[in-house]
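Asker: I have a structure I would like to understand better, so I am pasting it below and will then ask my questions one at a time.
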Amino acid sequence: MYAQSADRERLLSQSRFVIERLTRELRNALPNSVRISSDGRCVEFIPLKFAGRYTELPGVNAATALDMTFFSGQSNSVTNFSSLIAEGDFITVYPTQPEHYYSKSRTLELKAATAVAESSGQRVTLEFNSATLIGFPQASPNQRFFIWDFPVRYCLVAKPAATNIYLHDIYRFDDYGLLQQLPQVSDLGSAAGSLMATDVFFNPSQSLKPFSYEDGVLKRSSVVHVVLSFSSNFADDLFFNQEIHIPNVP
């Protein structure tokens, strides 16, 4: 009885952890940045670093700087904001599909950010990497821009030498760069990721996949569906079916 209770407590603890962590991260994902692997075992998205509004946009109004106001950040100070922008970060305007990030079709690479004091307040000038200085092909209707660094990926990875071939572990991957192709488990390997949960049952022939995605429509935001079954040693499995709404819009 004690062993069964301990096993159930273990499953409940780790399942809650990975669901809550994934939910929190996805709700901070950039709009239209979510991608699902063809087999439903991986979900990939890009966390939001900063966002704001511009008044002029390179490639649309031939501006050389972006005047912005804050949506998010770690400080109300514009000077602190500019110091947190790292060389190699990316800025995207009006992303309506994942390719606008992963193929950089509406994305430029940043070199630096400088705070400039003016009579009307302060302005941050964003300097672009000269190798990517091609402007933006389309302006945002709401004059929004998004700053980010690299994607994050959660994947079900088959347990090595498991007696049950349908048992998987959940790994979280980051800092692996920007890949244009759809995410797959084989891209990275479990050694590059952080173990988030174990003993997740998944049969590739089942109709419900671990991860699926629905684009946003007029009446609701985009949704990631998470369906996970955690296997118990005592045939007392836990099943989670979670809808995660992504509130950000381009």
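Identifiers for the structure tokens are assigned positionally: chains receive A, B, ... in sequence, residues are indexed from 1 per chain, and ligands are indexed from 1 in the order shown.
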For Asp236 of chain A, please output as an mmCIF file with all heavy atoms, in the first residue's frame all residues within 10 Å (counting only C-alpha atoms; exclusion window: fewer than 2 positions along the same chain).
Answerer:
```cif
data_model
loop_
_atom_site.group_PDB
_atom_site.id
_atom_site.type_symbol
_atom_site.label_atom_id
_atom_site.label_comp_id
_atom_site.auth_asym_id
_atom_site.auth_seq_id
_atom_site.Cartn_x
_atom_site.Cartn_y
_atom_site.Cartn_z
ATOM 1 N N GLN A 4 2.524 1.803 -3.407
ATOM 2 C CA GLN A 4 1.564 2.291 -4.390
ATOM 3 C C GLN A 4 1.275 3.779 -4.174
ATOM 4 O O GLN A 4 1.197 4.554 -5.135
ATOM 5 C CB GLN A 4 0.272 1.483 -4.307
ATOM 6 C CG GLN A 4 -0.750 1.839 -5.377
ATOM 7 C CD GLN A 4 -1.953 0.910 -5.361
ATOM 8 O OE1 GLN A 4 -2.007 -0.033 -4.559
ATOM 9 N NE2 GLN A 4 -2.906 1.158 -6.237
ATOM 10 N N ASP A 7 4.313 5.818 -5.288
ATOM 11 C CA ASP A 7 4.409 5.867 -6.748
ATOM 12 C C ASP A 7 3.400 6.851 -7.327
ATOM 13 O O ASP A 7 3.707 7.612 -8.250
ATOM 14 C CB ASP A 7 4.186 4.475 -7.332
ATOM 15 C CG ASP A 7 4.401 4.430 -8.838
ATOM 16 O OD1 ASP A 7 5.541 4.638 -9.286
ATOM 17 O OD2 ASP A 7 3.419 4.192 -9.568
ATOM 18 N N ARG A 8 2.206 6.840 -6.788
ATOM 19 C CA ARG A 8 1.187 7.779 -7.271
ATOM 20 C C ARG A 8 1.575 9.217 -6.958
ATOM 21 O O ARG A 8 1.374 10.123 -7.778
ATOM 22 C CB ARG A 8 -0.170 7.442 -6.646
ATOM 23 C CG ARG A 8 -1.302 8.334 -7.175
ATOM 24 C CD ARG A 8 -2.652 7.855 -6.700
ATOM 25 N NE ARG A 8 -3.733 8.696 -7.214
ATOM 26 C CZ ARG A 8 -4.248 8.600 -8.430
ATOM 27 N NH1 ARG A 8 -3.786 7.693 -9.270
ATOM 28 N NH2 ARG A 8 -5.222 9.406 -8.817
ATOM 29 N N LEU A 11 4.181 10.310 -9.510
ATOM 30 C CA LEU A 11 3.578 10.634 -10.800
ATOM 31 C C LEU A 11 2.844 11.970 -10.763
ATOM 32 O O LEU A 11 2.955 12.788 -11.680
ATOM 33 C CB LEU A 11 2.610 9.529 -11.216
ATOM 34 C CG LEU A 11 3.190 8.217 -11.743
ATOM 35 C CD1 LEU A 11 2.061 7.274 -12.128
ATOM 36 C CD2 LEU A 11 4.093 8.476 -12.940
ATOM 37 N N PHE A 230 0.666 9.414 -17.900
ATOM 38 C CA PHE A 230 1.804 9.028 -17.073
ATOM 39 C C PHE A 230 1.574 7.622 -16.530
ATOM 40 O O PHE A 230 0.571 7.346 -15.865
ATOM 41 C CB PHE A 230 2.009 10.019 -15.935
ATOM 42 C CG PHE A 230 2.443 11.378 -16.403
ATOM 43 C CD1 PHE A 230 1.508 12.330 -16.799
ATOM 44 C CD2 PHE A 230 3.785 11.708 -16.465
ATOM 45 C CE1 PHE A 230 1.905 13.577 -17.241
ATOM 46 C CE2 PHE A 230 4.194 12.960 -16.905
ATOM 47 C CZ PHE A 230 3.242 13.888 -17.304
ATOM 48 N N SER A 231 2.525 6.744 -16.823
ATOM 49 C CA SER A 231 2.366 5.325 -16.505
ATOM 50 C C SER A 231 2.813 5.008 -15.083
ATOM 51 O O SER A 231 3.897 5.416 -14.647
ATOM 52 C CB SER A 231 3.176 4.485 -17.506
ATOM 53 O OG SER A 231 3.040 3.117 -17.236
ATOM 54 N N SER A 232 1.978 4.271 -14.371
ATOM 55 C CA SER A 232 2.269 3.865 -12.999
ATOM 56 C C SER A 232 2.783 2.428 -12.967
ATOM 57 O O SER A 232 2.459 1.614 -13.834
ATOM 58 C CB SER A 232 1.009 3.984 -12.141
ATOM 59 O OG SER A 232 1.167 3.353 -10.896
ATOM 60 N N ASN A 233 3.561 2.130 -11.944
ATOM 61 C CA ASN A 233 4.042 0.759 -11.750
ATOM 62 C C ASN A 233 2.949 -0.165 -11.231
ATOM 63 O O ASN A 233 3.140 -1.385 -11.167
ATOM 64 C CB ASN A 233 5.223 0.742 -10.773
ATOM 65 C CG ASN A 233 6.435 1.458 -11.325
ATOM 66 O OD1 ASN A 233 6.699 1.420 -12.531
ATOM 67 N ND2 ASN A 233 7.178 2.135 -10.451
ATOM 68 N N PHE A 234 1.801 0.416 -10.858
ATOM 69 C CA PHE A 234 0.713 -0.361 -10.275
ATOM 70 C C PHE A 234 -0.572 -0.237 -11.105
ATOM 71 O O PHE A 234 -1.669 -0.343 -10.563
ATOM 72 C CB PHE A 234 0.459 0.083 -8.831
ATOM 73 C CG PHE A 234 1.636 -0.130 -7.924
ATOM 74 C CD1 PHE A 234 2.587 0.865 -7.760
ATOM 75 C CD2 PHE A 234 1.805 -1.335 -7.255
ATOM 76 C CE1 PHE A 234 3.686 0.676 -6.916
ATOM 77 C CE2 PHE A 234 2.891 -1.534 -6.424
ATOM 78 C CZ PHE A 234 3.838 -0.529 -6.255
ATOM 79 N N LEU A 238 -2.057 8.158 -14.702
ATOM 80 C CA LEU A 238 -2.622 9.510 -14.648
ATOM 81 C C LEU A 238 -2.728 10.062 -16.063
ATOM 82 O O LEU A 238 -1.783 9.953 -16.854
ATOM 83 C CB LEU A 238 -1.727 10.435 -13.811
ATOM 84 C CG LEU A 238 -1.696 10.194 -12.305
ATOM 85 C CD1 LEU A 238 -0.730 11.157 -11.641
ATOM 86 C CD2 LEU A 238 -3.080 10.345 -11.701
ATOM 87 N N PHE A 239 -3.846 10.674 -16.378
ATOM 88 C CA PHE A 239 -4.091 11.194 -17.726
ATOM 89 C C PHE A 239 -4.379 12.684 -17.652
ATOM 90 O O PHE A 239 -5.225 13.115 -16.858
ATOM 91 C CB PHE A 239 -5.274 10.455 -18.364
ATOM 92 C CG PHE A 239 -5.572 10.874 -19.767
ATOM 93 C CD1 PHE A 239 -4.842 10.382 -20.830
ATOM 94 C CD2 PHE A 239 -6.596 11.772 -20.025
ATOM 95 C CE1 PHE A 239 -5.116 10.776 -22.133
ATOM 96 C CE2 PHE A 239 -6.883 12.168 -21.318
ATOM 97 C CZ PHE A 239 -6.139 11.667 -22.379
#
```
Asker: Fewer than 3 positions away in the same chain doesn't count, so skip those; otherwise give me all residues within 12 Å of Ser105 of chain A, counting only C-alpha atoms, as a PyMOL selection string.
Answerer: chain A and resi 90-102+108-109+132-138+180
Asker: Between A:Cys42, A:Leu57, A:Ala113, A:Val249, which one has atoms that come closest to Ala139 of chain A, using only C-alpha atoms?
Answerer: A:Leu57
Asker: At a cut-off of 9 Å, using only C-alpha atoms, what residues contact Leu179 of chain A? Leave out same-chain residues fewer than 3 positions from it and give the result as a PyMOL selection string.
Answerer: chain A and resi 102-103+151+176+182-183
Asker: If you count only C-alpha atoms, which residues fall within 12 Å of Ser205 of chain A, apart from same-chain ones fewer than 6 positions away, as a list of chain:residue names?
Answerer: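 Surrounding residues, per the criterion: A:Asp39, A:Gly40, A:Tyr166.
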Asker: What would the file look like if the residues just selected were written as a compact mmCIF listing (two decimals), in the first residue's frame with N, CA, C and O atoms?
Answerer:
```
# COMPACT_ATOMS: atom_id res chain seq x y z
N ASP A 39 4.86 13.92 -35.93
CA ASP A 39 4.32 12.81 -35.14
C ASP A 39 3.69 13.27 -33.83
O ASP A 39 3.22 12.45 -33.04
N GLY A 40 3.67 14.58 -33.57
CA GLY A 40 3.03 15.11 -32.37
C GLY A 40 3.83 14.94 -31.10
O GLY A 40 3.31 15.19 -30.01
N TYR A 166 6.70 1.76 -25.45
CA TYR A 166 5.85 2.94 -25.55
C TYR A 166 6.10 3.94 -24.42
O TYR A 166 5.41 4.96 -24.33
```
Asker: At what distance in Å, to one decimal, does atom CA of Ser15 of chain A lie from atom CA of Phe240 of chain A?
Answerer: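 Separating atom CA of Phe240 of chain A from atom CA of Ser15 of chain A is a distance of 8.3 Å.
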Asker: As a ChimeraX atom specification, please: the residues near Ile36 of chain A (cut-off 10 Å, only C-alpha atoms, same-chain neighbours under 4 positions excluded).
Answerer: /A:40-45,153-155,182-184,210-213,224
Asker: Which residue out of A:Leu22, A:Gly177, A:Gly88, A:Ser38 has the minimum interatomic distance to Lys209 of chain A when only C-alpha atoms are used?
Answerer: A:Ser38
Asker: May I ask which of the residues A:Leu26, A:Val157, A:Leu218, A:Leu228 is the closest one to Pro47 of chain A, counting only C-alpha atoms?
Answerer: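 Going through A:Leu26, A:Val157, A:Leu218, A:Leu228 one by one, the smallest distance to Pro47 of chain A is for A:Leu26.
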Asker: I need the strand (DSSP E or B) residues of segment 124-162 of chain A per DSSP on the backbone, written as a list in words.
Answerer: Val124, Thr125, Leu126, Glu127, Phe128, Arg144, Phe145, Phe146, Ile147, Trp148, Val152, Arg153, Tyr154, Cys155, Leu156, Val157 and Ala158 of chain A
Asker: What does the structure give for the distance between atom CA of Arg144 of chain A and atom CA of Arg21 of chain A, in Å to one decimal?
Answerer: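 Taking atom CA of Arg144 of chain A and atom CA of Arg21 of chain A, their separation equals 27.0 Å.
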Asker: Mind pulling up the distance from atom CA of Thr198 of chain A to atom CA of His168 of chain A?
Answerer: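 Those two atoms sit 6.5 Å apart.
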Asker: Go through A:Ile19, A:Ile170, A:Ala235, A:Ala86 and flag the residue nearest Ala197 of chain A, using only C-alpha atoms for the distances.
Answerer: A:Ile170
